[in-house]
Structures are given as structure tokens and as C-alpha cells.
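> Sending over a structure as C-alpha cells; questions will come in a sec.
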Amino acid sequence: MAKVVLSVFLLVGIIVGCYGQTDTVLRNVVQGEYPSVVFVSTPRHQECIGVVINANHVLASGLCVMTAGQTRVYPARLVQVIAGDLSATHPANTRQTRTAEHIFVHEHYRVHSGDYNVAIIRLAEPFHLPSNAIEEAHIRMRIVPQGHQCDVLRVPTAGSRILQAYNVIIRNRNFCDSCCLEIFREEANICSESITDPALTLLQGDAMFCDGELTAIGALTVLDGDNSRRFHFLQLRFVTHWIHEQLNRTQPMAVGWNPHEF
């Protein structure tokens, strides 16, 4: 009996200890920490985040590569990808800048819900790999357990060329599906425990890494009362088939494709 009681106390202590270390810490990413993360620059000058899939392809959000009204995909020649040294001034020789050749947005992308908000950018010229500043991301195919801590990568302001990271705690998926606003989410959704820091905002396309593996990209924010929010993400393991199809795709996006029309 004493052993059972002791085990229970140890289990409670572990749980409390895990959830007691949930303070969100915002920090600047150091050079070489996330070498698969790149900046995607478009005529809107928002410079959103992308992630290197291989030497020829970068993953980004659909929102990133579409016009301000989200009615059409940018002409590929107007989109640039900046990798390696991401600093705004005095770049090192490890920087590699590429122009897009083709852009493929997920056909089931929906603007208002944020569903399937992913795109693949094919580069006109591949990155030179191996590199000391650029590497291919590994997409996480394992389930991320409840209470697990992951990092979210973001750009704080447009044109800042500063890459930041903050930690989030993964919430029980049974409570992700519906929330205070009765929003139903698909199984591919994953969400964080409450975020109370007002300085933190989630942009569609912000990249989540768990144990160093590319896990998800930002989808939307749900208000959770008392000025706290939950960040919702799309797990990329649910769209890996679509991603691999784009790597060998030969047909461009349909002319005039508009995600508002569905």
C-alpha cells in the first residue's frame, strides 16, 4: 500500500512539475539553430517564414504567396526566398537568394478557416547543399504527446529580418476540436495551451518544431477568455502525401484559381 501511495505522489509530482514549467519565453534565434527556416519575400513586403524541404523546394503558407485580397497566387518571378544568413544588413557569404519558378497552393486551402494553408515554392535554381547555413527539414511523422514542449518560429515585424522562437505546450487534442466559439477543427489540427503574453501573435505559416523536427504550421488563433488565446496549427504529417506530389508536379496551378470561390 505504501508503494502505491508513493507511486501516486511521484506521478502527481511529475505532472505538476511538467505543467509548472510552462512560462512562455520569447528569444532571438542564434545562427545555425534552425537552418531549414528561410524568409519568403513577396511584393507585399511581409517576408513570411518558409522551410526548406529539399534543394529545389520550400514549404510556406498559402497566405504568404497570395495577393493581399487572397484572390490569386503571385506570379512566381515576384517571389524570392532568402536562406542561410538572414540578417538585413552585411550578409555573410553563406546567404543564398533564389527566385521562385513555380508556386503550388493546396487546392483545399480555405481563407476564412485557415484549413490546408500550405504552399510549395519550386526554386528557379536549387540551393547549394550541403551548406554550413542551410539544411533540409525533417517532417515529424510521430504523434506529439499532450504536455510536450515545442518551439514556434516567427518574424516579429515585416521587414525586420529577425527570427524569433518561443515555447508552447501541446494541449489535449480532445479539447482542441471545439472551443469557446464552437469551432470544429479537423483531426490534423494541433493546439497549444493558453498563451497569455500579449506580445505573442500567431501568423499563418509560423513554423512549429518539436524535438528539432518540423511538425506544424500556424493556422489560427482562438480566444480563450481572460485575455488568453490558444494557437492552432496544421500538422504537416497529414499533408506529406500532397507535399511529395508537388515535388514532382509538372502542371501549374489552374489559371484563375481562387480559394474564396469554394
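Chain lettering (A, B, ...) mirrors the order of the C-alpha cells, residue numbering begins at 1 for each chain separately, and ligand numbering begins at 1 in order of display.
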Excluding A:Ile143 and any residue of its chain fewer than 4 positions from it, enumerate the residues within 10 Å of it, using only C-alpha atoms, and give them as a list in words.

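Residues near the query, excluding close chain neighbours: Thr215, Gln235 and Arg237 of chain A.
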
> May I have the residues within 12 Å of A:Val30 as a JSON list (two decimals) with N, CA, C and O atoms, in the first residue's frame, using only C-alpha atoms and disregarding those fewer than 2 positions away in the same chain?


```json
[["chain", "number", "residue", "atom", "x", "y", "z"],
["A", 27, "ARG", "N", 12.61, 34.55, -27.54],
["A", 27, "ARG", "CA", 14.05, 34.78, -27.69],
["A", 27, "ARG", "C", 14.40, 34.88, -29.17],
["A", 27, "ARG", "O", 13.65, 34.40, -30.04],
["A", 28, "ASN", "N", 15.52, 35.52, -29.44],
["A", 28, "ASN", "CA", 16.05, 35.56, -30.80],
["A", 28, "ASN", "C", 16.76, 34.25, -31.10],
["A", 28, "ASN", "O", 17.46, 33.70, -30.26],
["A", 32, "GLY", "N", 22.43, 29.25, -37.06],
["A", 32, "GLY", "CA", 22.62, 27.80, -37.14],
["A", 32, "GLY", "C", 21.65, 27.00, -36.30],
["A", 32, "GLY", "O", 21.68, 25.76, -36.34],
["A", 33, "GLU", "N", 20.76, 27.66, -35.54],
["A", 33, "GLU", "CA", 19.84, 26.92, -34.67],
["A", 33, "GLU", "C", 18.71, 26.25, -35.46],
["A", 33, "GLU", "O", 18.34, 25.12, -35.18],
["A", 34, "TYR", "N", 18.15, 26.97, -36.43],
["A", 34, "TYR", "CA", 17.11, 26.41, -37.29],
["A", 34, "TYR", "C", 17.49, 26.69, -38.75],
["A", 34, "TYR", "O", 16.90, 27.54, -39.42],
["A", 35, "PRO", "N", 18.47, 25.97, -39.28],
["A", 35, "PRO", "CA", 18.99, 26.28, -40.62],
["A", 35, "PRO", "C", 18.06, 25.94, -41.77],
["A", 35, "PRO", "O", 18.36, 26.30, -42.91],
["A", 85, "ASP", "N", 22.29, 33.11, -44.24],
["A", 85, "ASP", "CA", 22.38, 34.29, -43.39],
["A", 85, "ASP", "C", 21.16, 35.16, -43.66],
["A", 85, "ASP", "O", 20.97, 35.69, -44.75],
["A", 86, "LEU", "N", 20.29, 35.35, -42.64],
["A", 86, "LEU", "CA", 19.04, 36.06, -42.82],
["A", 86, "LEU", "C", 19.11, 37.52, -42.39],
["A", 86, "LEU", "O", 18.10, 38.22, -42.44],
["A", 87, "SER", "N", 20.27, 37.99, -41.97],
["A", 87, "SER", "CA", 20.37, 39.35, -41.45],
["A", 87, "SER", "C", 20.05, 40.36, -42.54],
["A", 87, "SER", "O", 20.27, 40.13, -43.73],
["A", 133, "ALA", "N", 25.01, 26.66, -43.52],
["A", 133, "ALA", "CA", 23.95, 27.55, -43.03],
["A", 133, "ALA", "C", 22.56, 27.13, -43.46],
["A", 133, "ALA", "O", 21.58, 27.71, -43.00],
["A", 153, "LEU", "N", 8.54, 29.25, -34.50],
["A", 153, "LEU", "CA", 9.41, 30.25, -35.12],
["A", 153, "LEU", "C", 8.56, 31.32, -35.78],
["A", 153, "LEU", "O", 7.55, 31.02, -36.43],
["A", 162, "ILE", "N", 14.46, 39.47, -38.45],
["A", 162, "ILE", "CA", 14.83, 38.86, -37.18],
["A", 162, "ILE", "C", 13.99, 37.61, -37.00],
["A", 162, "ILE", "O", 12.77, 37.65, -37.16],
["A", 163, "LEU", "N", 14.64, 36.51, -36.72],
["A", 163, "LEU", "CA", 13.92, 35.26, -36.49],
["A", 163, "LEU", "C", 13.86, 35.00, -34.99],
["A", 163, "LEU", "O", 14.89, 35.01, -34.31],
["A", 164, "GLN", "N", 12.65, 34.81, -34.47],
["A", 164, "GLN", "CA", 12.45, 34.58, -33.05],
["A", 164, "GLN", "C", 11.80, 33.22, -32.81],
["A", 164, "GLN", "O", 11.18, 32.65, -33.71],
["A", 165, "ALA", "N", 11.96, 32.72, -31.59],
["A", 165, "ALA", "CA", 11.35, 31.46, -31.20],
["A", 165, "ALA", "C", 10.73, 31.61, -29.82],
["A", 165, "ALA", "O", 11.22, 32.39, -28.99]]
```

> Quick one: everything within 9 Å of A:Phe238, counting only C-alpha atoms, minus sequence neighbours fewer than 4 positions away in the same chain. Send it as JSON, numbers by chain.

{"A": [141, 187, 188, 234, 242]}

> Quick one: residues within 12 Å of A:Gly69, only C-alpha atoms counted, chain neighbours fewer than 5 positions away excluded, as a list in words?

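Skipping anything fewer than 5 positions along the chain leaves Arg44, Leu63, Cys64, Tyr74, Val111, His112, Asn258, Pro259 and His260 of chain A.
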
> Write a file of the selected residues as a PDB file, in the first residue's frame, keeping N, CA, C and O atoms.


```pdb
ATOM      1  N   ARG A  44       4.225  42.209 -51.279  1.00  0.00           N
ATOM      2  CA  ARG A  44       3.568  42.824 -50.128  1.00  0.00           C
ATOM      3  C   ARG A  44       4.570  43.183 -49.033  1.00  0.00           C
ATOM      4  O   ARG A  44       4.198  43.751 -48.005  1.00  0.00           O
ATOM      5  N   LEU A  63      -1.246  31.729 -47.550  1.00  0.00           N
ATOM      6  CA  LEU A  63      -1.428  33.160 -47.313  1.00  0.00           C
ATOM      7  C   LEU A  63      -0.206  33.946 -47.761  1.00  0.00           C
ATOM      8  O   LEU A  63      -0.314  35.042 -48.321  1.00  0.00           O
ATOM      9  N   CYS A  64       0.979  33.389 -47.545  1.00  0.00           N
ATOM     10  CA  CYS A  64       2.222  34.091 -47.828  1.00  0.00           C
ATOM     11  C   CYS A  64       2.373  34.402 -49.313  1.00  0.00           C
ATOM     12  O   CYS A  64       2.845  35.482 -49.680  1.00  0.00           O
ATOM     13  N   TYR A  74       0.624  34.853 -56.439  1.00  0.00           N
ATOM     14  CA  TYR A  74       1.579  35.757 -57.067  1.00  0.00           C
ATOM     15  C   TYR A  74       2.273  35.086 -58.254  1.00  0.00           C
ATOM     16  O   TYR A  74       2.557  33.868 -58.210  1.00  0.00           O
ATOM     17  N   VAL A 111      -9.642  30.315 -47.045  1.00  0.00           N
ATOM     18  CA  VAL A 111      -9.138  31.551 -46.461  1.00  0.00           C
ATOM     19  C   VAL A 111      -9.689  31.787 -45.065  1.00  0.00           C
ATOM     20  O   VAL A 111      -8.948  32.090 -44.123  1.00  0.00           O
ATOM     21  N   HIS A 112     -11.001  31.656 -44.876  1.00  0.00           N
ATOM     22  CA  HIS A 112     -11.630  32.052 -43.616  1.00  0.00           C
ATOM     23  C   HIS A 112     -11.332  31.077 -42.474  1.00  0.00           C
ATOM     24  O   HIS A 112     -11.199  31.490 -41.325  1.00  0.00           O
ATOM     25  N   ASN A 258      -9.102  30.524 -57.184  1.00  0.00           N
ATOM     26  CA  ASN A 258      -9.404  31.480 -56.134  1.00  0.00           C
ATOM     27  C   ASN A 258      -9.990  30.730 -54.931  1.00  0.00           C
ATOM     28  O   ASN A 258     -11.082  30.164 -55.049  1.00  0.00           O
ATOM     29  N   PRO A 259      -9.299  30.704 -53.785  1.00  0.00           N
ATOM     30  CA  PRO A 259      -9.809  29.944 -52.632  1.00  0.00           C
ATOM     31  C   PRO A 259     -11.090  30.512 -52.039  1.00  0.00           C
ATOM     32  O   PRO A 259     -11.727  29.864 -51.209  1.00  0.00           O
ATOM     33  N   HIS A 260     -11.486  31.725 -52.423  1.00  0.00           N
ATOM     34  CA  HIS A 260     -12.744  32.297 -51.934  1.00  0.00           C
ATOM     35  C   HIS A 260     -13.960  31.671 -52.614  1.00  0.00           C
ATOM     36  O   HIS A 260     -15.080  31.836 -52.142  1.00  0.00           O
TER      37      HIS A 260
END
```

> Distance atom CA of A:Ser131-atom CA of A:Val152, one decimal place?

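Between atom CA of A:Ser131 and atom CA of A:Val152 the gap is 23.5 Å.
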
> Got a sec to tell me which of stretch 77-148 of chain A DSSP assigns to strand (DSSP E or B), as number ranges by chain?

A: 80-83, 96-105, 119-123, 139

> So that I can see what lies close to A:Gln251, please list as a ChimeraX atom specification the residues with an atom at most 12 Å from it, counting only C-alpha atoms and leaving out residues fewer than 4 positions away in the same chain.

/A:102-104,245-247,255

> Those same residues - N, CA, C and O atoms - I'd like them written as a PDB file, in the first residue's frame.


```pdb
ATOM      1  N   HIS A 102       7.923  28.040 -59.776  1.00  0.00           N
ATOM      2  CA  HIS A 102       6.510  27.668 -59.725  1.00  0.00           C
ATOM      3  C   HIS A 102       6.042  27.759 -58.279  1.00  0.00           C
ATOM      4  O   HIS A 102       6.829  27.551 -57.351  1.00  0.00           O
ATOM      5  N   ILE A 103       4.764  28.039 -58.084  1.00  0.00           N
ATOM      6  CA  ILE A 103       4.157  28.078 -56.750  1.00  0.00           C
ATOM      7  C   ILE A 103       2.896  27.229 -56.788  1.00  0.00           C
ATOM      8  O   ILE A 103       2.030  27.422 -57.662  1.00  0.00           O
ATOM      9  N   PHE A 104       2.782  26.295 -55.846  1.00  0.00           N
ATOM     10  CA  PHE A 104       1.615  25.418 -55.763  1.00  0.00           C
ATOM     11  C   PHE A 104       0.963  25.599 -54.396  1.00  0.00           C
ATOM     12  O   PHE A 104       1.598  25.342 -53.371  1.00  0.00           O
ATOM     13  N   GLU A 245       3.730  15.043 -53.755  1.00  0.00           N
ATOM     14  CA  GLU A 245       3.168  15.168 -55.103  1.00  0.00           C
ATOM     15  C   GLU A 245       3.647  16.449 -55.779  1.00  0.00           C
ATOM     16  O   GLU A 245       3.916  16.467 -56.983  1.00  0.00           O
ATOM     17  N   GLN A 246       3.763  17.523 -55.007  1.00  0.00           N
ATOM     18  CA  GLN A 246       4.184  18.801 -55.596  1.00  0.00           C
ATOM     19  C   GLN A 246       5.651  18.774 -56.017  1.00  0.00           C
ATOM     20  O   GLN A 246       6.046  19.495 -56.936  1.00  0.00           O
ATOM     21  N   LEU A 247       6.454  17.959 -55.363  1.00  0.00           N
ATOM     22  CA  LEU A 247       7.885  17.927 -55.676  1.00  0.00           C
ATOM     23  C   LEU A 247       8.126  17.422 -57.092  1.00  0.00           C
ATOM     24  O   LEU A 247       9.155  17.739 -57.705  1.00  0.00           O
ATOM     25  N   VAL A 255      -5.369  28.362 -63.934  1.00  0.00           N
ATOM     26  CA  VAL A 255      -5.452  29.803 -64.144  1.00  0.00           C
ATOM     27  C   VAL A 255      -6.727  30.333 -63.484  1.00  0.00           C
ATOM     28  O   VAL A 255      -7.822  29.789 -63.670  1.00  0.00           O
TER      29      VAL A 255
END
```

> Please run DSSP on the backbone and report, as a list in words, all residues within stretch 35-195 of chain A that come out as helix (DSSP H, G or I).

Ala76, Arg77, Leu78, Arg173, Asn174 and Phe175 of chain A

> Write to file, as a short mmCIF file (atom, residue, chain, number, x, y, z; two decimals), in the first residue's frame, the residues of the selection just made, with C-alpha atoms.


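Result written to out-v8.cif:
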```cif
data_model
loop_
_atom_site.label_atom_id
_atom_site.label_comp_id
_atom_site.auth_asym_id
_atom_site.auth_seq_id
_atom_site.Cartn_x
_atom_site.Cartn_y
_atom_site.Cartn_z
CA ALA A 76 6.46 33.15 -59.33
CA ARG A 77 9.03 35.63 -60.65
CA LEU A 78 7.88 38.16 -57.99
CA ARG A 173 -6.40 17.04 -28.74
CA ASN A 174 -9.84 16.13 -27.40
CA PHE A 175 -10.15 19.75 -26.27
#
```

> One decimal, in Å: what's the spacing between atom CA of A:Ala68 and atom CA of A:Ala137?

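These atoms are spaced 28.3 Å apart.
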
> Find the residues around A:Arg95 up to 7 Å (only C-alpha atoms counted), leave out those fewer than 4 positions away in its own chain, and share them as a PyMOL selection string.

chain A and resi 83-85+91

> Which distance in Å separates atom CA of A:Gly114 and atom CA of A:Leu220, to one decimal?

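It comes out at 6.5 Å.
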
> So which one's closest to A:Gln149, A:Val65, A:Val79, A:Val29, A:Cys210? Using only C-alpha atoms, please.

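The shortest atom-to-atom distance to A:Gln149 comes from A:Cys210.
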